[in-house]
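*Asks:* Input file: structure-v8.cif. Contents: mmCIF, C-alpha atoms.
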data_target
#
loop_
_atom_site.group_PDB
_atom_site.id
_atom_site.type_symbol
_atom_site.label_atom_id
_atom_site.label_comp_id
_atom_site.auth_asym_id
_atom_site.auth_seq_id
_atom_site.Cartn_x
_atom_site.Cartn_y
_atom_site.Cartn_z
ATOM 1 C CA MET A 1 0.000 0.000 0.000
ATOM 2 C CA SER A 2 1.131 3.556 -0.483
ATOM 3 C CA THR A 3 2.603 4.997 2.674
ATOM 4 C CA GLN A 4 0.078 7.472 4.039
ATOM 5 C CA ARG A 5 0.707 6.538 7.662
ATOM 6 C CA GLU A 6 1.623 9.244 10.150
ATOM 7 C CA PHE A 7 2.979 9.623 13.667
ATOM 8 C CA LYS A 8 2.034 12.290 16.189
ATOM 9 C CA LEU A 9 4.661 14.708 17.412
ATOM 10 C CA ASN A 10 4.629 16.017 20.987
ATOM 11 C CA THR A 11 3.452 19.333 19.488
ATOM 12 C CA GLY A 12 0.230 17.692 18.330
ATOM 13 C CA ALA A 13 1.231 17.949 14.670
ATOM 14 C CA SER A 14 1.450 14.869 12.442
ATOM 15 C CA ILE A 15 4.610 13.758 10.650
ATOM 16 C CA PRO A 16 4.330 11.413 7.642
ATOM 17 C CA ALA A 17 5.900 8.017 8.349
ATOM 18 C CA LEU A 18 7.844 8.117 5.109
ATOM 19 C CA GLY A 19 9.786 11.032 3.690
ATOM 20 C CA LEU A 20 12.306 11.672 0.964
ATOM 21 C CA GLY A 21 15.856 11.999 2.238
ATOM 22 C CA THR A 22 18.163 14.304 0.290
ATOM 23 C CA TRP A 23 21.578 13.692 1.863
ATOM 24 C CA GLN A 24 24.246 13.281 -0.843
ATOM 25 C CA SER A 25 21.727 14.344 -3.492
ATOM 26 C CA ALA A 26 23.425 16.860 -5.779
ATOM 27 C CA PRO A 27 21.524 20.136 -6.308
ATOM 28 C CA LYS A 28 20.941 19.358 -9.994
ATOM 29 C CA ASP A 29 19.410 15.990 -9.103
ATOM 30 C CA VAL A 30 17.492 16.907 -5.982
ATOM 31 C CA TYR A 31 15.086 19.318 -7.703
ATOM 32 C CA ASP A 32 13.813 16.540 -9.978
ATOM 33 C CA ALA A 33 13.804 14.029 -7.115
ATOM 34 C CA VAL A 34 11.646 16.234 -4.886
ATOM 35 C CA LEU A 35 9.216 16.977 -7.721
ATOM 36 C CA THR A 36 8.974 13.270 -8.537
ATOM 37 C CA ALA A 37 8.410 12.395 -4.887
ATOM 38 C CA ILE A 38 5.668 14.956 -4.354
ATOM 39 C CA ARG A 39 3.900 13.841 -7.527
ATOM 40 C CA ALA A 40 4.159 10.226 -6.302
ATOM 41 C CA GLY A 41 2.397 11.205 -3.081
ATOM 42 C CA TYR A 42 5.214 12.015 -0.648
ATOM 43 C CA ARG A 43 4.336 14.797 1.756
ATOM 44 C CA HIS A 44 7.518 14.796 3.852
ATOM 45 C CA ILE A 45 10.837 16.162 2.570
ATOM 46 C CA ASP A 46 14.040 16.111 4.643
ATOM 47 C CA THR A 47 17.032 18.335 3.919
ATOM 48 C CA ALA A 48 19.761 20.199 5.820
ATOM 49 C CA PHE A 49 21.856 23.334 5.438
ATOM 50 C CA ILE A 50 25.044 21.270 5.082
ATOM 51 C CA TYR A 51 23.597 19.287 2.166
ATOM 52 C CA GLY A 52 23.910 22.400 0.010
ATOM 53 C CA ASN A 53 20.569 21.727 -1.683
ATOM 54 C CA GLU A 54 18.014 23.683 0.363
ATOM 55 C CA THR A 55 17.444 26.130 -2.510
ATOM 56 C CA GLU A 56 16.602 23.384 -4.997
ATOM 57 C CA VAL A 57 14.401 21.582 -2.459
ATOM 58 C CA GLY A 58 12.469 24.785 -1.792
ATOM 59 C CA LYS A 59 12.053 25.552 -5.487
ATOM 60 C CA ALA A 60 10.767 22.035 -6.203
ATOM 61 C CA ILE A 61 8.202 22.331 -3.407
ATOM 62 C CA LYS A 62 7.008 25.673 -4.824
ATOM 63 C CA ASP A 63 6.926 24.342 -8.386
ATOM 64 C CA SER A 64 5.062 21.153 -7.407
ATOM 65 C CA GLY A 65 1.745 22.982 -7.207
ATOM 66 C CA VAL A 66 0.988 21.283 -3.874
ATOM 67 C CA PRO A 67 0.117 23.838 -1.169
ATOM 68 C CA ARG A 68 3.011 24.449 1.231
ATOM 69 C CA GLU A 69 0.851 23.543 4.223
ATOM 70 C CA GLU A 70 0.424 20.016 2.837
ATOM 71 C CA ILE A 71 4.195 19.390 2.859
ATOM 72 C CA PHE A 72 6.079 18.492 6.036
ATOM 73 C CA LEU A 73 9.515 20.085 5.638
ATOM 74 C CA THR A 74 12.528 19.292 7.808
ATOM 75 C CA THR A 75 15.919 20.991 7.765
ATOM 76 C CA LYS A 76 18.826 21.172 10.176
ATOM 77 C CA LEU A 77 21.068 23.613 12.012
ATOM 78 C CA TRP A 78 24.713 23.113 11.079
ATOM 79 C CA ASN A 79 27.578 22.700 13.547
ATOM 80 C CA ASN A 80 29.236 26.072 12.862
ATOM 81 C CA SER A 81 26.175 27.993 14.064
ATOM 82 C CA HIS A 82 25.819 26.517 17.550
ATOM 83 C CA ARG A 83 26.552 29.675 19.528
ATOM 84 C CA PRO A 84 23.201 31.099 20.682
ATOM 85 C CA GLU A 85 23.888 34.433 18.981
ATOM 86 C CA HIS A 86 24.243 32.681 15.594
ATOM 87 C CA VAL A 87 21.224 30.360 15.776
ATOM 88 C CA LYS A 88 18.585 32.831 14.568
ATOM 89 C CA GLU A 89 20.757 33.922 11.638
ATOM 90 C CA ALA A 90 21.138 30.271 10.618
ATOM 91 C CA LEU A 91 17.381 29.806 10.714
ATOM 92 C CA GLU A 92 16.815 32.871 8.522
ATOM 93 C CA THR A 93 19.375 31.578 6.021
ATOM 94 C CA SER A 94 17.582 28.233 5.729
ATOM 95 C CA LEU A 95 14.193 29.942 5.387
ATOM 96 C CA SER A 96 15.591 32.110 2.609
ATOM 97 C CA ASN A 97 17.206 29.139 0.861
ATOM 98 C CA LEU A 98 13.991 27.129 1.078
ATOM 99 C CA GLN A 99 11.856 30.083 -0.047
ATOM 100 C CA THR A 100 9.359 29.396 2.691
ATOM 101 C CA GLY A 101 7.931 31.289 5.616
ATOM 102 C CA TYR A 102 8.256 28.417 8.054
ATOM 103 C CA ILE A 103 9.890 25.068 8.750
ATOM 104 C CA ASP A 104 7.814 22.219 10.135
ATOM 105 C CA LEU A 105 10.762 20.637 11.944
ATOM 106 C CA TRP A 106 14.194 22.116 12.665
ATOM 107 C CA LEU A 107 16.821 19.755 14.024
ATOM 108 C CA MET A 108 20.211 20.293 15.602
ATOM 109 C CA HIS A 109 22.210 18.221 13.124
ATOM 110 C CA TRP A 110 24.930 17.014 15.531
ATOM 111 C CA PRO A 111 25.666 17.430 19.250
ATOM 112 C CA VAL A 112 29.018 18.925 18.197
ATOM 113 C CA ALA A 113 29.916 22.604 17.775
ATOM 114 C CA PHE A 114 32.456 23.818 15.199
ATOM 115 C CA ARG A 115 34.156 27.208 15.155
ATOM 116 C CA HIS A 116 31.824 29.813 13.680
ATOM 117 C CA GLY A 117 32.783 31.223 10.318
ATOM 118 C CA LYS A 118 32.505 30.730 6.582
ATOM 119 C CA GLU A 119 34.196 27.328 6.739
ATOM 120 C CA LEU A 120 31.531 24.677 7.194
ATOM 121 C CA VAL A 121 34.071 22.142 8.458
ATOM 122 C CA PRO A 122 36.939 24.231 9.873
ATOM 123 C CA ARG A 123 40.298 22.514 10.275
ATOM 124 C CA ASP A 124 43.596 23.703 11.741
ATOM 125 C CA GLU A 125 47.025 23.496 10.119
ATOM 126 C CA HIS A 126 47.255 19.855 11.196
ATOM 127 C CA GLY A 127 43.971 18.939 9.571
ATOM 128 C CA GLN A 128 42.133 18.614 12.884
ATOM 129 C CA ILE A 129 38.545 19.844 13.258
ATOM 130 C CA VAL A 130 38.356 23.166 15.098
ATOM 131 C CA VAL A 131 35.574 22.727 17.644
ATOM 132 C CA ASP A 132 33.841 25.371 19.716
ATOM 133 C CA ASP A 133 33.243 25.036 23.436
ATOM 134 C CA VAL A 134 29.544 25.943 23.333
ATOM 135 C CA ASP A 135 27.405 23.242 24.914
ATOM 136 C CA TYR A 136 24.592 21.675 22.886
ATOM 137 C CA THR A 137 22.157 22.471 25.711
ATOM 138 C CA GLU A 138 22.822 26.189 25.107
ATOM 139 C CA THR A 139 22.274 25.748 21.378
ATOM 140 C CA TYR A 140 19.015 23.928 21.997
ATOM 141 C CA GLY A 141 17.905 26.664 24.376
ATOM 142 C CA ALA A 142 18.390 29.204 21.587
ATOM 143 C CA MET A 143 16.355 27.005 19.239
ATOM 144 C CA GLU A 144 13.542 26.848 21.796
ATOM 145 C CA LYS A 145 13.257 30.641 21.735
ATOM 146 C CA LEU A 146 12.567 30.546 17.981
ATOM 147 C CA LEU A 147 9.575 28.237 18.221
ATOM 148 C CA GLY A 148 6.522 29.897 16.746
ATOM 149 C CA ASP A 149 5.400 31.028 13.328
ATOM 150 C CA LYS A 150 8.741 30.307 11.625
ATOM 151 C CA VAL A 151 9.590 27.047 13.403
ATOM 152 C CA ARG A 152 6.725 24.695 14.250
ATOM 153 C CA ALA A 153 8.790 22.016 16.027
ATOM 154 C CA ILE A 154 12.402 21.482 17.067
ATOM 155 C CA GLY A 155 14.432 18.368 17.676
ATOM 156 C CA VAL A 156 17.858 16.823 17.481
ATOM 157 C CA SER A 157 19.841 14.407 15.371
ATOM 158 C CA ASN A 158 22.603 11.923 16.214
ATOM 159 C CA PHE A 159 21.877 12.062 19.959
ATOM 160 C CA ASN A 160 22.442 8.919 22.020
ATOM 161 C CA VAL A 161 20.574 8.117 25.241
ATOM 162 C CA LYS A 162 23.203 9.758 27.453
ATOM 163 C CA LYS A 163 23.034 13.044 25.547
ATOM 164 C CA LEU A 164 19.229 12.986 25.441
ATOM 165 C CA GLU A 165 19.040 12.420 29.189
ATOM 166 C CA ARG A 166 21.325 15.401 29.753
ATOM 167 C CA LEU A 167 19.368 17.583 27.326
ATOM 168 C CA LEU A 168 16.021 16.729 28.904
ATOM 169 C CA LYS A 169 17.295 18.057 32.250
ATOM 170 C CA THR A 170 17.681 21.580 30.836
ATOM 171 C CA ALA A 171 15.127 21.704 28.008
ATOM 172 C CA THR A 172 11.828 23.486 28.577
ATOM 173 C CA VAL A 173 10.479 21.920 25.375
ATOM 174 C CA ALA A 174 11.298 18.252 24.814
ATOM 175 C CA PRO A 175 12.687 17.431 21.354
ATOM 176 C CA ALA A 176 9.899 16.437 18.981
ATOM 177 C CA VAL A 177 12.242 14.172 17.003
ATOM 178 C CA ASN A 178 15.627 12.472 17.233
ATOM 179 C CA GLN A 179 16.938 11.582 13.775
ATOM 180 C CA VAL A 180 19.544 8.812 13.831
ATOM 181 C CA GLU A 181 21.029 6.053 11.706
ATOM 182 C CA LEU A 182 18.776 2.987 11.843
ATOM 183 C CA HIS A 183 18.666 -0.216 9.786
ATOM 184 C CA PRO A 184 18.789 -3.967 10.537
ATOM 185 C CA TYR A 185 22.579 -3.842 11.052
ATOM 186 C CA LEU A 186 22.147 -0.971 13.551
ATOM 187 C CA PRO A 187 18.688 -1.246 15.166
ATOM 188 C CA GLN A 188 19.652 0.780 18.292
ATOM 189 C CA GLU A 189 16.851 -0.809 20.313
ATOM 190 C CA ASP A 190 17.685 0.927 23.605
ATOM 191 C CA LEU A 191 17.717 4.354 21.943
ATOM 192 C CA VAL A 192 14.445 3.759 20.090
ATOM 193 C CA ARG A 193 12.825 2.522 23.296
ATOM 194 C CA PHE A 194 14.071 5.544 25.272
ATOM 195 C CA CYS A 195 12.766 8.008 22.691
ATOM 196 C CA GLN A 196 9.376 6.366 22.434
ATOM 197 C CA LYS A 197 9.075 6.272 26.231
ATOM 198 C CA HIS A 198 9.714 10.038 26.361
ATOM 199 C CA GLY A 199 7.401 10.972 23.489
ATOM 200 C CA ILE A 200 10.236 11.704 21.067
ATOM 201 C CA VAL A 201 9.497 10.492 17.546
ATOM 202 C CA VAL A 202 12.445 8.692 15.974
ATOM 203 C CA THR A 203 13.402 9.282 12.343
ATOM 204 C CA ALA A 204 15.701 6.799 10.622
ATOM 205 C CA TYR A 205 18.300 8.118 8.234
ATOM 206 C CA SER A 206 20.169 5.650 6.012
ATOM 207 C CA PRO A 207 17.305 3.148 6.524
ATOM 208 C CA LEU A 208 18.501 1.238 3.457
ATOM 209 C CA GLY A 209 22.092 1.197 4.626
ATOM 210 C CA SER A 210 24.168 3.246 2.214
ATOM 211 C CA THR A 211 25.248 3.435 -1.420
ATOM 212 C CA ASN A 212 25.893 -0.164 -2.571
ATOM 213 C CA SER A 213 24.414 -1.255 0.733
ATOM 214 C CA PRO A 214 25.260 -4.775 1.907
ATOM 215 C CA LEU A 215 21.680 -4.964 3.177
ATOM 216 C CA PHE A 216 20.450 -5.280 -0.411
ATOM 217 C CA LYS A 217 22.375 -8.556 -0.647
ATOM 218 C CA ASP A 218 21.485 -9.874 2.795
ATOM 219 C CA LYS A 219 19.865 -13.267 2.282
ATOM 220 C CA THR A 220 17.056 -12.604 4.763
ATOM 221 C CA ILE A 221 16.139 -9.326 3.077
ATOM 222 C CA THR A 222 16.357 -10.723 -0.465
ATOM 223 C CA ALA A 223 14.269 -13.767 0.475
ATOM 224 C CA LEU A 224 11.529 -11.561 1.915
ATOM 225 C CA ALA A 225 11.654 -9.292 -1.127
ATOM 226 C CA GLU A 226 10.992 -12.343 -3.291
ATOM 227 C CA LYS A 227 8.190 -13.517 -1.010
ATOM 228 C CA TYR A 228 6.349 -10.175 -1.087
ATOM 229 C CA LYS A 229 7.307 -9.473 -4.726
ATOM 230 C CA VAL A 230 8.849 -6.115 -3.846
ATOM 231 C CA SER A 231 12.339 -4.628 -3.760
ATOM 232 C CA PRO A 232 14.764 -5.106 -0.835
ATOM 233 C CA ALA A 233 14.399 -1.362 -0.206
ATOM 234 C CA GLN A 234 10.646 -1.760 0.302
ATOM 235 C CA ILE A 235 11.267 -4.512 2.843
ATOM 236 C CA LEU A 236 13.723 -2.311 4.758
ATOM 237 C CA ILE A 237 11.360 0.671 4.715
ATOM 238 C CA SER A 238 8.461 -1.479 5.878
ATOM 239 C CA TRP A 239 10.560 -2.950 8.701
ATOM 240 C CA GLY A 240 11.348 0.565 9.946
ATOM 241 C CA ILE A 241 7.739 1.729 9.856
ATOM 242 C CA HIS A 242 6.715 -1.516 11.594
ATOM 243 C CA ARG A 243 9.061 -0.453 14.416
ATOM 244 C CA LYS A 244 6.946 2.717 14.735
ATOM 245 C CA TYR A 245 9.365 5.313 13.499
ATOM 246 C CA VAL A 246 9.742 7.602 10.484
ATOM 247 C CA VAL A 247 12.004 6.538 7.618
ATOM 248 C CA ILE A 248 13.571 8.880 5.045
ATOM 249 C CA PRO A 249 15.174 6.820 2.262
ATOM 250 C CA LYS A 250 17.194 8.809 -0.254
ATOM 251 C CA SER A 251 16.953 8.316 -3.999
ATOM 252 C CA VAL A 252 17.162 10.425 -7.134
ATOM 253 C CA THR A 253 15.914 7.619 -9.398
ATOM 254 C CA PRO A 254 12.229 8.159 -10.307
ATOM 255 C CA SER A 255 11.303 4.456 -10.343
ATOM 256 C CA ARG A 256 12.865 3.896 -6.909
ATOM 257 C CA ILE A 257 11.281 7.014 -5.458
ATOM 258 C CA GLN A 258 7.922 5.624 -6.588
ATOM 259 C CA SER A 259 8.479 2.040 -5.417
ATOM 260 C CA ASN A 260 9.862 3.187 -2.049
ATOM 261 C CA PHE A 261 6.515 4.858 -1.406
ATOM 262 C CA GLU A 262 4.735 1.505 -1.710
ATOM 263 C CA ASP A 263 5.398 -0.207 1.607
ATOM 264 C CA VAL A 264 4.129 -3.632 2.625
ATOM 265 C CA GLU A 265 2.551 -4.994 5.783
ATOM 266 C CA LEU A 266 5.110 -7.479 7.073
ATOM 267 C CA GLU A 267 3.839 -10.584 8.802
ATOM 268 C CA GLU A 268 5.053 -10.731 12.384
ATOM 269 C CA ASP A 269 7.247 -13.787 11.726
ATOM 270 C CA ASP A 270 8.936 -11.998 8.835
ATOM 271 C CA PHE A 271 9.437 -8.861 10.913
ATOM 272 C CA GLN A 272 11.152 -11.045 13.528
ATOM 273 C CA LYS A 273 13.376 -12.673 10.906
ATOM 274 C CA ILE A 274 14.797 -9.234 10.126
ATOM 275 C CA ASN A 275 15.262 -8.533 13.843
ATOM 276 C CA ASP A 276 17.214 -11.797 14.090
ATOM 277 C CA ILE A 277 19.773 -10.784 11.455
ATOM 278 C CA LEU A 278 22.070 -9.544 14.229
ATOM 279 C CA LYS A 279 22.301 -13.080 15.633
ATOM 280 C CA THR A 280 24.726 -13.842 12.806
ATOM 281 C CA GLN A 281 25.784 -10.331 11.743
ATOM 282 C CA PRO A 282 27.714 -7.834 13.924
ATOM 283 C CA THR A 283 26.275 -4.362 14.339
ATOM 284 C CA LYS A 284 27.568 -1.943 11.743
ATOM 285 C CA ARG A 285 27.430 1.844 11.961
ATOM 286 C CA LEU A 286 27.810 3.394 8.507
ATOM 287 C CA VAL A 287 28.034 7.056 9.543
ATOM 288 C CA GLU A 288 30.864 7.266 12.083
ATOM 289 C CA PRO A 289 32.258 10.754 12.862
ATOM 290 C CA LYS A 290 35.432 9.226 14.286
ATOM 291 C CA ASN A 291 36.311 8.281 10.715
ATOM 292 C CA PHE A 292 35.780 11.694 9.089
ATOM 293 C CA TRP A 293 36.108 14.214 11.936
ATOM 294 C CA GLY A 294 38.144 12.355 14.511
ATOM 295 C CA ILE A 295 35.389 13.048 17.048
ATOM 296 C CA ASP A 296 33.763 10.389 19.231
ATOM 297 C CA VAL A 297 30.111 11.458 19.109
ATOM 298 C CA PHE A 298 28.432 8.191 20.021
ATOM 299 C CA GLU A 299 30.751 7.097 22.855
ATOM 300 C CA GLU A 300 30.534 3.441 21.902
#
Will you turn the file into structure tokens for me?
*Replies:*
Amino acid sequence: MSTQREFKLNTGASIPALGLGTWQSAPKDVYDAVLTAIRAGYRHIDTAFIYGNETEVGKAIKDSGVPREEIFLTTKLWNNSHRPEHVKEALETSLSNLQTGYIDLWLMHWPVAFRHGKELVPRDEHGQIVVDDVDYTETYGAMEKLLGDKVRAIGVSNFNVKKLERLLKTATVAPAVNQVELHPYLPQEDLVRFCQKHGIVVTAYSPLGSTNSPLFKDKTITALAEKYKVSPAQILISWGIHRKYVVIPKSVTPSRIQSNFEDVELEEDDFQKINDILKTQPTKRLVEPKNFWGIDVFEE
């Protein structure tokens, strides 16, 4: 069936269970991808300042002919704008890029602050990331103050349980969403359980794994794809939605954008078979900041 399911945010608003992810989608491709998705029935588009494609995403939404209020739009605050005095400016930049008067959901992209400036990923003469000492609780506090007409909901991304617990002690508004990497090789059960217990909707990025994902060749996934006569991606998307969280698969291929929107109702035994993959497969995190920033974000 086509994915029209929704989850309720702690603001009372609804967020579509399936959205189009746009990470690593080049500006020239993302405009067509967003148009294709909206015409296929998607009503949830996820982008971020750092993706460098907010302008094309916003233009595609405007050109789609679908009223803005029918689209759930998410973008994210980048790491070099974490100081409270820079947060509002970052919001205004994203609003301008997206050519919209408001954002449905604004996330803090990472619980890591970089030095403010024109460099998006500042490095010193030794190639090391130049971090800032501003605490993510201060950044979140500045985001809270912007809730209103221009920002309907705020949340976080890449937060583990420890960081969420610390944030909840200072936050006056609990995060509406925590967007994290989730797929059968990294189910993060404790984190999902914690978020759901505290009314924080989870969004899964990289729900299909990654480019040339090993999940597409996993024998459990391929066998279920054959059984249901769908693609491996549809099985992975359906597994995520079955776990009661939002999934945002990325694609710029029209046929895949369309097929990804057609999820299936997994039988409980088949759902469990996917859960059991980790009995023979070690957990595998695909997005690991230690590898590209030299920063231990997840403390694993």
*Asks:* With the file shown as input, list the residues that the PyMOL selection byres ((chain A and resi 261) around 10) selects, as a list in words.
*Replies:*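 Taken over the shown coordinates, the PyMOL selection byres ((chain A and resi 261) around 10) returns Met1, Ser2, Thr3, Gln4, Leu18, Gly19, Leu20, Ala37, Ala40, Gly41, Tyr42, Gln234, Ile237, Ser238, Pro249, Arg256, Ile257, Gln258, Ser259, Asn260, Glu262, Asp263 and Val264 of chain A.
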*Asks:* Would you please work out which residue, of A:Ala176, A:Ala233, A:Ala26, A:Ile295, is nearest to Asp104 (chain A) when using all atoms listed in the file?
*Replies:*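 That would be A:Ala176, the residue with the smallest distance to Asp104 (chain A).
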*Asks:* How far is it from CA of Phe298 (chain A) to CA of Leu77 (chain A), in Å with one decimal?
*Replies:* 18.9 Å
*Asks:* Show me, as a list of chain:residue names, the residues that have an atom within 12 Å of Val287 (chain A) when counting all atoms listed in the file, minus same-chain residues fewer than 5 positions from it.
*Replies:*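 In the requested format, the answer is A:Asn158, A:Val180, A:Glu181, A:Leu182, A:His183, A:Leu186, A:Tyr205, A:Ser206, A:Pro207, A:Gly209, A:Ser210, A:Thr211, A:Phe292, A:Trp293, A:Asp296, A:Val297, A:Phe298.
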*Asks:* Considering only C-alpha atoms, return as a PyMOL selection string whatever protein or nucleic-acid residues lie within 8 Å of Lys88 (chain A), sequence-local ones (same chain, fewer than 5 positions apart) excluded.
*Replies:* chain A and resi 142-143+146
*Asks:* Let me know the residues the PyMOL selection byres ((chain A and resi 281) around 12) catches in the file above, as a ChimeraX atom specification.
*Replies:* /A:184-186,214-215,218-220,274-280,282-284
*Asks:* Residues proximal to (33.3, 18.5, 7.2) were defined as those with any atom within 9 Å of that point in the file's coordinates, counting all atoms listed in the file. Which are they, as a list in words?
*Replies:*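 I get Ile50, Glu119, Leu120, Val121, Pro122, Arg123, Ile129, Phe292 and Trp293 of chain A for the residues within 9 Å of that point.
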*Asks:* Could you write out that same residue set with C-alpha atoms as a PDB file, in the frame of the given file?
*Replies:*
ATOM      1  CA  ILE A  50      25.044  21.270   5.082  1.00  0.00           C
ATOM      2  CA  GLU A 119      34.196  27.328   6.739  1.00  0.00           C
ATOM      3  CA  LEU A 120      31.531  24.677   7.194  1.00  0.00           C
ATOM      4  CA  VAL A 121      34.071  22.142   8.458  1.00  0.00           C
ATOM      5  CA  PRO A 122      36.939  24.231   9.873  1.00  0.00           C
ATOM      6  CA  ARG A 123      40.298  22.514  10.275  1.00  0.00           C
ATOM      7  CA  ILE A 129      38.545  19.844  13.258  1.00  0.00           C
ATOM      8  CA  PHE A 292      35.780  11.694   9.089  1.00  0.00           C
ATOM      9  CA  TRP A 293      36.108  14.214  11.936  1.00  0.00           C
TER      10      TRP A 293
END
*Asks:* Which of these residues is nearest to His86 (chain A), using all atoms listed in the file: A:Ala204, A:Val134, A:Leu164, A:Leu9?
*Replies:*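 Selected residue with least distance to His86 (chain A): A:Val134.
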*Asks:* Quick one: of A:Leu191, A:Val30, A:Ile248, A:Leu107, who's nearest to Leu208 (chain A), counting all atoms listed in the file?
*Replies:*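 Using all atoms listed in the file, Leu208 (chain A) sits closest to A:Ile248.
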*Asks:* Please measure the separation of CA of Leu147 (chain A) and CA of Trp106 (chain A), giving the value in Å to one decimal.
*Replies:*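 Separation between CA of Leu147 (chain A) and CA of Trp106 (chain A): 9.5 Å.
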*Asks:* Just the number, please: distance in Å from CA of Arg152 (chain A) to CA of Leu91 (chain A), one decimal.
*Replies:* 12.3 Å
*Asks:* Using the chain letters and numbering of this document, enumerate as an NGL selection string the residues selected by the PyMOL selection byres ((chain A and resi 252) around 9).
*Replies:* :A and (22 or 25 or 29-30 or 32-34 or 36 or 250-251 or 253-257)
*Asks:* Find the spatial neighbours of region 94-103 of chain A, counting only C-alpha atoms, within a cut-off of 8 Å - ignore same-chain residues fewer than 4 positions away - and output them as a PyMOL selection string.
*Replies:* chain A and resi 49+54-59+73-75+90+149-153
